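For reference, run.txt is printed below; it contains compact mmCIF, C-alpha atoms.
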# COMPACT_ATOMS: atom_id res chain seq x y z
CA MET A 1 -72.72 -20.79 75.66
CA LEU A 2 -73.61 -24.02 73.87
CA ASP A 3 -77.32 -24.76 73.63
CA THR A 4 -79.29 -27.89 72.69
CA ASP A 5 -79.19 -26.93 69.00
CA PHE A 6 -75.40 -26.81 69.11
CA PHE A 7 -75.34 -30.41 70.31
CA ARG A 8 -77.77 -31.51 67.60
CA ARG A 9 -75.53 -29.83 65.02
CA TRP A 10 -72.51 -31.57 66.57
CA MET A 11 -74.15 -34.97 66.04
CA THR A 12 -75.36 -34.24 62.49
CA ALA A 13 -71.94 -32.81 61.55
CA THR A 14 -70.33 -35.97 62.93
CA ALA A 15 -72.73 -38.11 60.90
CA ALA A 16 -71.85 -36.14 57.76
CA ALA A 17 -68.11 -36.46 58.46
CA VAL A 18 -68.46 -40.21 59.02
CA ASP A 19 -70.38 -40.50 55.72
CA ARG A 20 -67.70 -38.53 53.91
CA GLU A 21 -64.81 -40.52 55.45
CA ALA A 22 -66.42 -43.97 55.76
CA ASP A 23 -64.23 -45.50 53.05
CA ARG A 24 -61.04 -44.15 54.60
CA LEU A 25 -62.04 -45.46 58.06
CA THR A 26 -62.80 -48.88 56.62
CA ASP A 27 -59.50 -48.91 54.71
CA LEU A 28 -57.60 -48.06 57.89
CA ASP A 29 -59.49 -50.85 59.65
CA ALA A 30 -58.74 -53.27 56.80
CA ALA A 31 -55.02 -52.78 57.45
CA ILE A 32 -55.06 -53.76 61.13
CA GLY A 33 -58.65 -54.69 62.06
CA ASP A 34 -61.68 -56.33 60.50
CA ALA A 35 -62.55 -53.75 57.83
CA ASP A 36 -65.90 -52.64 59.18
CA HIS A 37 -65.22 -49.43 61.11
CA GLY A 38 -66.50 -47.04 58.46
CA THR A 39 -69.69 -48.95 57.71
CA ASN A 40 -70.37 -49.64 61.39
CA LEU A 41 -70.07 -45.99 62.40
CA GLN A 42 -72.08 -44.93 59.35
CA ARG A 43 -74.92 -47.20 60.43
CA GLY A 44 -74.66 -45.88 63.98
CA PHE A 45 -74.65 -42.18 63.19
CA THR A 46 -77.40 -42.60 60.60
CA ALA A 47 -79.50 -44.02 63.44
CA VAL A 48 -78.45 -41.11 65.68
CA THR A 49 -79.57 -38.56 63.08
CA ALA A 50 -82.88 -40.38 62.60
CA ALA A 51 -83.49 -40.55 66.37
CA LEU A 52 -82.72 -36.85 66.79
CA GLY A 53 -85.18 -36.12 63.99
CA GLY A 54 -87.90 -38.25 65.58
CA GLU A 55 -87.44 -37.18 69.18
CA SER A 56 -86.76 -33.72 70.51
CA PRO A 57 -84.35 -34.00 73.42
CA ALA A 58 -84.66 -30.80 75.43
CA THR A 59 -81.14 -30.38 76.81
CA PRO A 60 -77.53 -30.82 75.63
CA GLY A 61 -77.18 -33.76 78.00
CA ALA A 62 -80.30 -35.44 76.60
CA VAL A 63 -79.03 -35.09 73.00
CA LEU A 64 -75.82 -36.92 73.88
CA THR A 65 -77.49 -39.62 75.97
CA LEU A 66 -79.94 -40.36 73.16
CA ALA A 67 -77.09 -40.47 70.64
CA GLY A 68 -75.04 -42.77 72.86
CA ARG A 69 -77.91 -45.19 73.33
CA GLN A 70 -78.46 -45.36 69.56
CA LEU A 71 -74.79 -46.14 68.96
CA ILE A 72 -74.76 -48.99 71.48
CA SER A 73 -77.85 -50.57 69.96
CA THR A 74 -77.06 -50.16 66.26
CA VAL A 75 -73.32 -50.19 65.54
CA GLY A 76 -72.65 -53.91 66.01
CA GLY A 77 -68.89 -53.58 66.51
CA ALA A 78 -66.74 -52.58 69.47
CA SER A 79 -66.98 -48.94 68.43
CA GLY A 80 -70.70 -49.01 69.38
CA PRO A 81 -70.29 -49.54 73.12
CA LEU A 82 -67.13 -47.39 73.14
CA TYR A 83 -68.60 -44.32 71.39
CA GLY A 84 -71.97 -45.00 73.05
CA THR A 85 -70.36 -44.91 76.47
CA LEU A 86 -68.39 -41.78 75.53
CA LEU A 87 -71.49 -39.80 74.51
CA ARG A 88 -73.81 -41.18 77.16
CA ARG A 89 -71.39 -40.54 80.01
CA THR A 90 -70.60 -37.07 78.67
CA GLY A 91 -74.33 -36.37 78.39
CA ARG A 92 -74.96 -37.56 81.91
CA ALA A 93 -72.13 -35.35 83.21
CA LEU A 94 -73.80 -32.32 81.56
CA GLY A 95 -76.92 -32.98 83.64
CA GLU A 96 -80.12 -31.06 82.95
CA ALA A 97 -78.55 -27.70 82.07
CA PRO A 98 -80.31 -25.99 79.10
CA GLU A 99 -76.94 -24.63 77.93
CA VAL A 100 -73.35 -25.22 78.93
CA SER A 101 -70.00 -23.46 78.56
CA THR A 102 -67.13 -24.86 76.52
CA GLY A 103 -65.32 -25.42 79.81
CA GLN A 104 -68.23 -27.49 81.14
CA LEU A 105 -68.26 -29.50 77.91
CA ALA A 106 -64.51 -30.11 78.24
CA GLU A 107 -64.99 -31.34 81.80
CA ALA A 108 -67.94 -33.59 80.88
CA LEU A 109 -66.10 -34.97 77.85
CA GLY A 110 -63.21 -35.75 80.17
CA GLU A 111 -65.56 -37.92 82.24
CA GLY A 112 -66.80 -39.60 79.06
CA VAL A 113 -63.25 -40.34 77.94
CA ALA A 114 -62.39 -41.75 81.37
CA ALA A 115 -65.42 -44.08 81.08
CA VAL A 116 -64.18 -45.26 77.67
CA ALA A 117 -60.74 -45.95 79.13
CA GLN A 118 -62.32 -47.97 81.92
CA LEU A 119 -64.63 -49.93 79.59
CA GLY A 120 -61.87 -50.88 77.16
CA GLY A 121 -59.08 -51.12 79.73
CA ALA A 122 -56.83 -49.00 77.50
CA GLN A 123 -54.35 -46.24 78.27
CA ALA A 124 -52.70 -43.43 76.34
CA GLY A 125 -50.22 -44.87 73.84
CA ASP A 126 -52.08 -48.16 73.31
CA LYS A 127 -52.98 -47.08 69.74
CA THR A 128 -56.68 -46.53 70.38
CA MET A 129 -59.28 -43.75 70.18
CA LEU A 130 -57.92 -42.47 73.50
CA ASP A 131 -54.81 -41.23 71.72
CA ALA A 132 -56.97 -38.68 69.88
CA LEU A 133 -59.51 -38.02 72.65
CA LEU A 134 -57.18 -37.40 75.61
CA PRO A 135 -55.23 -34.54 73.95
CA ALA A 136 -58.51 -33.17 72.52
CA VAL A 137 -60.07 -32.91 75.98
CA GLN A 138 -56.98 -31.07 77.22
CA ALA A 139 -57.10 -28.62 74.31
CA LEU A 140 -60.88 -28.05 74.43
CA GLY A 141 -60.31 -25.73 77.39
CA THR A 142 -58.70 -23.40 74.84
CA SER A 143 -61.05 -23.75 71.86
CA ALA A 144 -62.83 -26.24 69.60
CA GLU A 145 -60.26 -25.54 66.89
CA ALA A 146 -57.43 -26.39 69.28
CA ALA A 147 -59.25 -29.59 70.25
CA ARG A 148 -59.69 -30.58 66.59
CA ASP A 149 -56.00 -29.97 65.87
CA ALA A 150 -54.97 -31.92 68.97
CA ALA A 151 -57.20 -34.85 67.99
CA LEU A 152 -55.83 -34.90 64.44
CA ALA A 153 -52.25 -34.77 65.73
CA GLY A 154 -53.06 -37.50 68.26
CA ALA A 155 -54.53 -39.72 65.54
CA ALA A 156 -51.52 -39.16 63.25
CA ALA A 157 -49.22 -39.99 66.16
CA THR A 158 -50.76 -43.49 66.43
CA VAL A 159 -49.05 -44.53 63.16
CA PRO A 160 -45.72 -45.63 64.73
CA LEU A 161 -47.40 -47.15 67.82
CA LEU A 162 -47.78 -50.85 68.59
CA ALA A 163 -51.45 -51.80 69.11
CA ARG A 164 -52.14 -53.15 72.60
CA LYS A 165 -55.92 -53.48 72.50
CA GLY A 166 -58.52 -55.12 70.29
CA ARG A 167 -58.15 -57.12 67.11
CA ALA A 168 -55.09 -55.09 66.00
CA SER A 169 -53.13 -56.20 69.07
CA TYR A 170 -53.03 -59.75 67.67
CA LEU A 171 -50.86 -58.39 64.84
CA GLY A 172 -48.08 -57.36 67.22
CA GLU A 173 -45.34 -55.49 65.38
CA ARG A 174 -47.29 -55.63 62.12
CA SER A 175 -49.70 -53.08 63.62
CA ILE A 176 -46.89 -50.50 63.45
CA GLY A 177 -47.05 -48.11 60.49
CA HIS A 178 -50.84 -47.78 60.33
CA GLU A 179 -53.08 -45.07 61.77
CA ASP A 180 -55.56 -46.39 64.30
CA PRO A 181 -59.09 -46.27 62.82
CA GLY A 182 -60.68 -45.43 66.18
CA ALA A 183 -58.32 -42.50 66.69
CA ALA A 184 -59.12 -41.35 63.13
CA SER A 185 -62.90 -41.45 63.74
CA SER A 186 -62.45 -39.74 67.12
CA ALA A 187 -60.73 -36.88 65.30
CA LEU A 188 -63.85 -36.61 63.09
CA LEU A 189 -66.09 -36.40 66.16
CA VAL A 190 -63.95 -33.66 67.70
CA GLY A 191 -63.58 -31.82 64.37
CA ALA A 192 -67.38 -31.74 64.08
CA LEU A 193 -67.43 -29.47 67.16
CA VAL A 194 -65.84 -26.77 65.01
CA GLU A 195 -68.42 -27.27 62.26
CA ALA A 196 -71.24 -27.14 64.81
CA ALA A 197 -69.91 -23.84 66.14
CA GLY A 198 -69.40 -22.44 62.63
CA ALA A 199 -72.95 -23.26 61.53
CA SER A 200 -74.35 -20.93 64.19
CA GLY A 201 -72.41 -18.04 62.69
CA GLY A 202 -69.11 -18.52 64.51
CA GLY A 203 -67.92 -17.67 68.00
CA GLY A 204 -69.44 -19.46 70.95
CA ALA A 205 -67.35 -22.61 70.96
CA MET B 1 -76.66 -72.83 97.36
CA ASN B 2 -79.85 -73.98 95.75
CA THR B 3 -82.41 -71.73 94.13
CA GLY B 4 -85.35 -74.09 94.53
CA ASP B 5 -87.53 -74.36 91.46
CA ARG B 6 -86.25 -71.17 89.82
CA GLN B 7 -83.18 -71.69 87.69
CA VAL B 8 -80.48 -69.25 86.66
CA GLY B 9 -80.70 -68.37 82.96
CA ILE B 10 -77.65 -68.46 80.70
CA VAL B 11 -77.03 -66.13 77.74
CA LEU B 12 -74.22 -66.88 75.29
CA VAL B 13 -73.01 -63.76 73.48
CA SER B 14 -70.68 -64.36 70.56
CA HIS B 15 -69.34 -62.25 67.71
CA SER B 16 -70.93 -64.91 65.49
CA GLY B 17 -74.53 -66.16 65.43
CA PRO B 18 -73.62 -69.75 64.44
CA VAL B 19 -70.96 -69.94 67.17
CA ALA B 20 -73.42 -68.84 69.86
CA GLU B 21 -76.08 -71.30 68.62
CA ALA B 22 -73.62 -74.17 68.38
CA VAL B 23 -72.17 -73.59 71.85
CA ALA B 24 -75.71 -73.43 73.29
CA GLU B 25 -76.51 -76.74 71.59
CA LEU B 26 -73.25 -78.29 72.81
CA ALA B 27 -73.92 -77.15 76.38
CA ARG B 28 -77.49 -78.51 76.27
CA GLY B 29 -76.21 -81.82 74.93
CA LEU B 30 -73.59 -82.18 77.63
CA ALA B 31 -75.50 -80.68 80.54
CA ALA B 32 -78.24 -83.19 81.16
CA GLY B 33 -80.14 -86.11 79.79
CA GLY B 34 -83.41 -84.25 80.06
CA ALA B 35 -84.47 -80.67 80.60
CA THR B 36 -81.79 -78.07 81.33
CA ALA B 37 -81.89 -74.58 82.78
CA PRO B 38 -82.86 -71.99 80.16
CA VAL B 39 -80.04 -71.04 77.79
CA ALA B 40 -80.24 -68.63 74.85
CA ALA B 41 -77.81 -67.65 72.12
CA ALA B 42 -77.26 -64.01 71.18
CA GLY B 43 -74.65 -64.04 68.45
CA GLY B 44 -73.85 -61.72 65.58
CA THR B 45 -75.75 -58.63 64.51
CA SER B 46 -79.53 -58.34 64.00
CA ALA B 47 -78.82 -58.54 60.26
CA GLY B 48 -77.01 -61.87 60.70
CA GLY B 49 -73.47 -60.56 60.24
CA LEU B 50 -70.44 -60.75 62.50
CA GLY B 51 -70.66 -58.44 65.49
CA THR B 52 -72.88 -57.86 68.47
CA SER B 53 -76.48 -56.74 68.86
CA ALA B 54 -77.66 -55.14 72.09
CA GLU B 55 -81.23 -55.97 71.03
CA LEU B 56 -80.52 -59.67 70.59
CA ILE B 57 -78.77 -59.71 73.97
CA SER B 58 -81.71 -57.98 75.70
CA GLU B 59 -84.20 -60.39 74.09
CA ALA B 60 -82.14 -63.45 75.02
CA ALA B 61 -81.74 -62.27 78.62
CA ARG B 62 -85.48 -61.63 78.98
CA ALA B 63 -86.23 -65.04 77.46
CA VAL B 64 -84.13 -66.95 80.01
CA ASP B 65 -84.90 -64.78 83.05
CA GLY B 66 -86.90 -66.73 85.62
CA GLY B 67 -86.16 -64.44 88.53
CA ALA B 68 -83.07 -66.31 89.77
CA GLY B 69 -80.60 -64.21 87.83
CA VAL B 70 -79.03 -64.33 84.38
CA ALA B 71 -75.39 -65.24 83.70
CA LEU B 72 -73.98 -63.75 80.49
CA LEU B 73 -70.95 -65.41 78.90
CA VAL B 74 -69.15 -63.57 76.11
CA ASP B 75 -66.39 -64.26 73.60
CA LEU B 76 -64.56 -61.48 71.72
CA GLY B 77 -64.25 -57.73 71.38
CA SER B 78 -67.63 -56.12 70.88
CA ALA B 79 -69.41 -58.99 72.68
CA VAL B 80 -67.49 -58.13 75.86
CA LEU B 81 -67.79 -54.37 75.49
CA THR B 82 -71.48 -54.37 74.56
CA VAL B 83 -72.52 -56.41 77.60
CA LYS B 84 -70.34 -54.26 79.88
CA ALA B 85 -71.84 -51.07 78.45
CA MET B 86 -75.39 -52.47 78.85
CA LEU B 87 -74.75 -53.41 82.48
CA ALA B 88 -73.26 -49.98 83.18
CA GLU B 89 -76.33 -48.27 81.74
CA GLY B 90 -78.90 -50.28 83.68
CA GLY B 91 -82.46 -50.95 82.57
CA GLU B 92 -81.52 -52.89 79.43
CA LEU B 93 -81.00 -56.26 81.12
CA PRO B 94 -83.17 -58.03 83.70
CA GLU B 95 -82.51 -57.47 87.39
CA GLY B 96 -79.81 -59.88 88.57
CA SER B 97 -77.95 -60.04 85.24
CA ARG B 98 -74.21 -60.57 85.56
CA LEU B 99 -71.28 -60.75 83.15
CA VAL B 100 -69.38 -63.93 83.97
CA ASP B 101 -65.63 -64.02 83.31
CA ALA B 102 -65.13 -67.48 81.78
CA PRO B 103 -63.82 -69.32 78.72
CA PHE B 104 -66.75 -69.28 76.29
CA VAL B 105 -67.22 -72.96 75.42
CA GLU B 106 -66.03 -74.64 78.61
CA GLY B 107 -67.66 -71.96 80.74
CA ALA B 108 -70.99 -72.40 78.95
CA VAL B 109 -71.04 -76.12 79.69
CA ALA B 110 -70.03 -75.62 83.34
CA ALA B 111 -72.58 -72.83 83.79
CA LEU B 112 -75.44 -74.80 82.29
CA VAL B 113 -74.64 -77.95 84.27
CA THR B 114 -74.58 -75.94 87.48
CA ALA B 115 -77.72 -73.94 86.68
CA SER B 116 -79.60 -77.10 85.67
CA ALA B 117 -78.67 -78.67 89.02
CA GLY B 118 -80.29 -75.71 90.77
CA GLY B 119 -77.17 -73.71 91.59
CA ASP B 120 -77.66 -70.01 92.28
CA LEU B 121 -76.03 -67.20 90.29
CA ALA B 122 -72.88 -67.18 92.44
CA ALA B 123 -72.49 -70.95 92.02
CA VAL B 124 -73.03 -70.71 88.25
CA GLU B 125 -70.48 -67.92 88.01
CA ALA B 126 -67.95 -69.83 90.11
CA ALA B 127 -68.33 -72.99 88.02
CA ALA B 128 -67.93 -71.09 84.75
CA THR B 129 -64.90 -69.13 85.95
CA GLU B 130 -63.32 -72.29 87.34
CA ALA B 131 -63.22 -73.63 83.79
CA TYR B 132 -60.21 -71.31 83.23
CA GLY B 133 -58.28 -73.60 85.60
CA TYR B 134 -58.55 -76.72 83.48
CA ARG B 135 -55.14 -76.96 81.77
CA LYS B 136 -54.87 -78.77 78.45
CA THR B 137 -51.13 -79.43 78.40

Rewrite the coordinates I just gave you, this time as structure tokens.
Amino acid sequence: MLDTDFFRRWMTATAAAVDREADRLTDLDAAIGDADHGTNLQRGFTAVTAALGGESPATPGAVLTLAGRQLISTVGGASGPLYGTLLRRTGRALGEAPEVSTGQLAEALGEGVAAVAQLGGAQAGDKTMLDALLPAVQALGTSAEAARDAALAGAAATVPLLARKGRASYLGERSIGHEDPGAASSALLVGALVEAAGASGGGGA
Amino acid sequence: MNTGDRQVGIVLVSHSGPVAEAVAELARGLAAGGATAPVAAAGGTSAGGLGTSAELISEAARAVDGGAGVALLVDLGSAVLTVKAMLAEGGELPEGSRLVDAPFVEGAVAALVTASAGGDLAAVEAAATEAYGYRKT
């Protein structure tokens, strides 16, 4: 079972991954977007870590709702409301349970991803974060490792796609040949699930 | 419909602070000779960069809220998504806040003219949205 501490570790591991990869995310965004994805997410997850340090959310759902609210209010770019909605809706779907199974997390994350799709009006194959998140949710029923691998494969598979949403869609065919920065950062978020599970001594997730 | 002495407030949310301020000034200039309905700009990030700030949007909406509703007009990308996410969450914007689907500049002028004339939120929304119908060629 995944307890509140697991979800705190998930958020701090995501923040660390975003710190580590901020330059790569910004470079990806420079190719087809407005070159701020790494710095925006860094600012957002720094605020998430600070908020989790200052407040003590009591349940897995409360950790994610707090994180989501921080992202919406601090990121400044489109990734703020998108990731904020993802975490907040996932947190709400987890309800008040003090601990949840991986299966419950997969189901809740599925609701979060559906909310992101609705907010942005995007579908699979539009070269967005959904292309990493949708396969990850499917694979999370198996394990966190499977979800991480599916997200990474999904992000890599955005390279040949034509962008249909956001700033990159204005580039038309010139968006082809670049990995989508949102899919790349989504793979970091999903990969951090594995780190969060590992930090507790393995197993569990 | 007329709202009596309470006017609908208008919030202009842009990816850029100067754009939001300038469109607010343009709308005020074109809307009336004298006092207009309340309009506030919420552009850029809190640090003054390009982007969107949920805090600035909340502040602007509270500043123009007179109890008759608040119409939010948005331009690009994160401006659209941030307002949508705030409305979906609830509690961050005054009661009666509504995202209005309209061209940013033309819609702002139409919205402020209508709100200043005492139109209710539905009338303000309709006027702003109608601005999409004005063809330029």

Rounded to one decimal, what separation in Å do you get between CA of Arg98 in chain B and CA of Gly182 in chain A?
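CA of Gly182 in chain A lies at a distance of 28.1 Å from CA of Arg98 in chain B.
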
With a distance cut-off of 12 Å and all atoms listed in the file, select the neighbouring residues of Gly95 in chain A, excluding the residue or stretch itself and same-chain residues fewer than 4 positions from it, and output the selection as a list of chain:residue names.
A:Ala58, A:Thr59, A:Pro60, A:Gly61, A:Ala62, A:Val63, A:Leu64, A:Thr65, A:Arg88, A:Arg89, A:Thr90, A:Gly91, A:Glu99, A:Val100, A:Gln104, A:Leu105, A:Ala108

Between chain A and chain B, at 6 Å or less, what are the per-residue closest atom pairs and their distances in Å? Count all atoms listed in the file, order by chain and rising residue number, and return it as CSV.
residue,atom,partner,partner_atom,distance
A:Ser73,CA,B:Ala54,CA,5.0
A:Gly76,CA,B:Thr52,CA,4.7
A:Gly77,CA,B:Ser78,CA,5.2
A:Ala78,CA,B:Ser78,CA,3.9
A:Pro81,CA,B:Thr82,CA,5.2

How many Å separate CA of Ala155 in chain A from CA of Thr12 in chain A?
21.8 Å

State, in Å with one decimal place, the distance from CA of Leu188 in chain A to CA of Arg148 in chain A.
8.1 Å

Return the single residue from A:Ser56, A:Ser101, A:Gln138, A:Ser185 that is closest to Gln42 in chain A, with distances computed using only C-alpha atoms.
A:Ser185

Near Gly9 in chain B, counting only C-alpha atoms, which residues have an atom at most 7 Å away, once you skip same-chain residues fewer than 4 positions from it, shown as a list in words?
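Returned residues: Ala37, Pro38, Val39, Val64, Asp65, Gly66, Gly69, Val70 and Ala71 of chain B.
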
Find the residue from A:Tyr83, A:Gly68, A:Gly198, A:Gly103 that sits nearest to His37 in chain A; use all atoms listed in the file when measuring.
A:Tyr83

Within 10 Å of range 106-108 of chain B using all atoms listed in the file, minus same-chain residues under 2 positions, as a PyMOL selection string
chain B and resi 10-12+23-24+26-28+31+39+71-74+100-104+110-114+124-132+134

Taking only C-alpha atoms into account, which of A:Thr39, A:Ser175, A:Ser143, A:Gln123 comes nearest Val190 in chain A?
A:Ser143

Which residues are close to Lys127 in chain A, i.e. within 9 Å by all atoms listed in the file, leaving aside same-chain residues fewer than 6 positions away? Reply as a ChimeraX atom specification.
/A:155,157-165,179-180,182-183

Looking at only C-alpha atoms, which of B:Thr137, B:Ser14, B:Gln7, B:Ser58 is the one that sits closest to Gly90 in chain B?
B:Ser58

Please provide as a ChimeraX atom specification all residues within 8 Å of Asp36 in chain A, with the sequence filter that same-chain residues fewer than 6 positions apart are discarded (counting all atoms listed in the file).
/A:26,29-30,77

Residues within 6 Å of (-61.0, -40.1, 71.2), file coords, all atoms listed in the file, listed as a PDB file with C-alpha atoms, keeping the file's coordinate frame:
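After the write, selection.pdb holds the following:
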ATOM      1  CA  MET A 129     -59.280 -43.750  70.180  1.00  0.00           C
ATOM      2  CA  LEU A 130     -57.920 -42.470  73.500  1.00  0.00           C
ATOM      3  CA  ALA A 132     -56.970 -38.680  69.880  1.00  0.00           C
ATOM      4  CA  LEU A 133     -59.510 -38.020  72.650  1.00  0.00           C
ATOM      5  CA  ALA A 183     -58.320 -42.500  66.690  1.00  0.00           C
ATOM      6  CA  SER A 186     -62.450 -39.740  67.120  1.00  0.00           C
TER       7      SER A 186
END

Nearest to Leu2 in chain A: which of A:Leu86, A:Ala144, A:Ala117, A:Ala156 is it, counting only C-alpha atoms?
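Closest residue, counting only C-alpha atoms: A:Ala144.
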
Enclose the full set of atoms of range 32-43 of chain A listed in the file within a box whose edges lie along x, y and z, apply 6 Å of padding to each of the six sides, and report centre and edge lengths in Å to one decimal as AutoDock Vina command-line options.
--center_x -65.0 --center_y -50.6 --center_z 60.1 --size_x 31.9 --size_y 23.4 --size_z 16.7
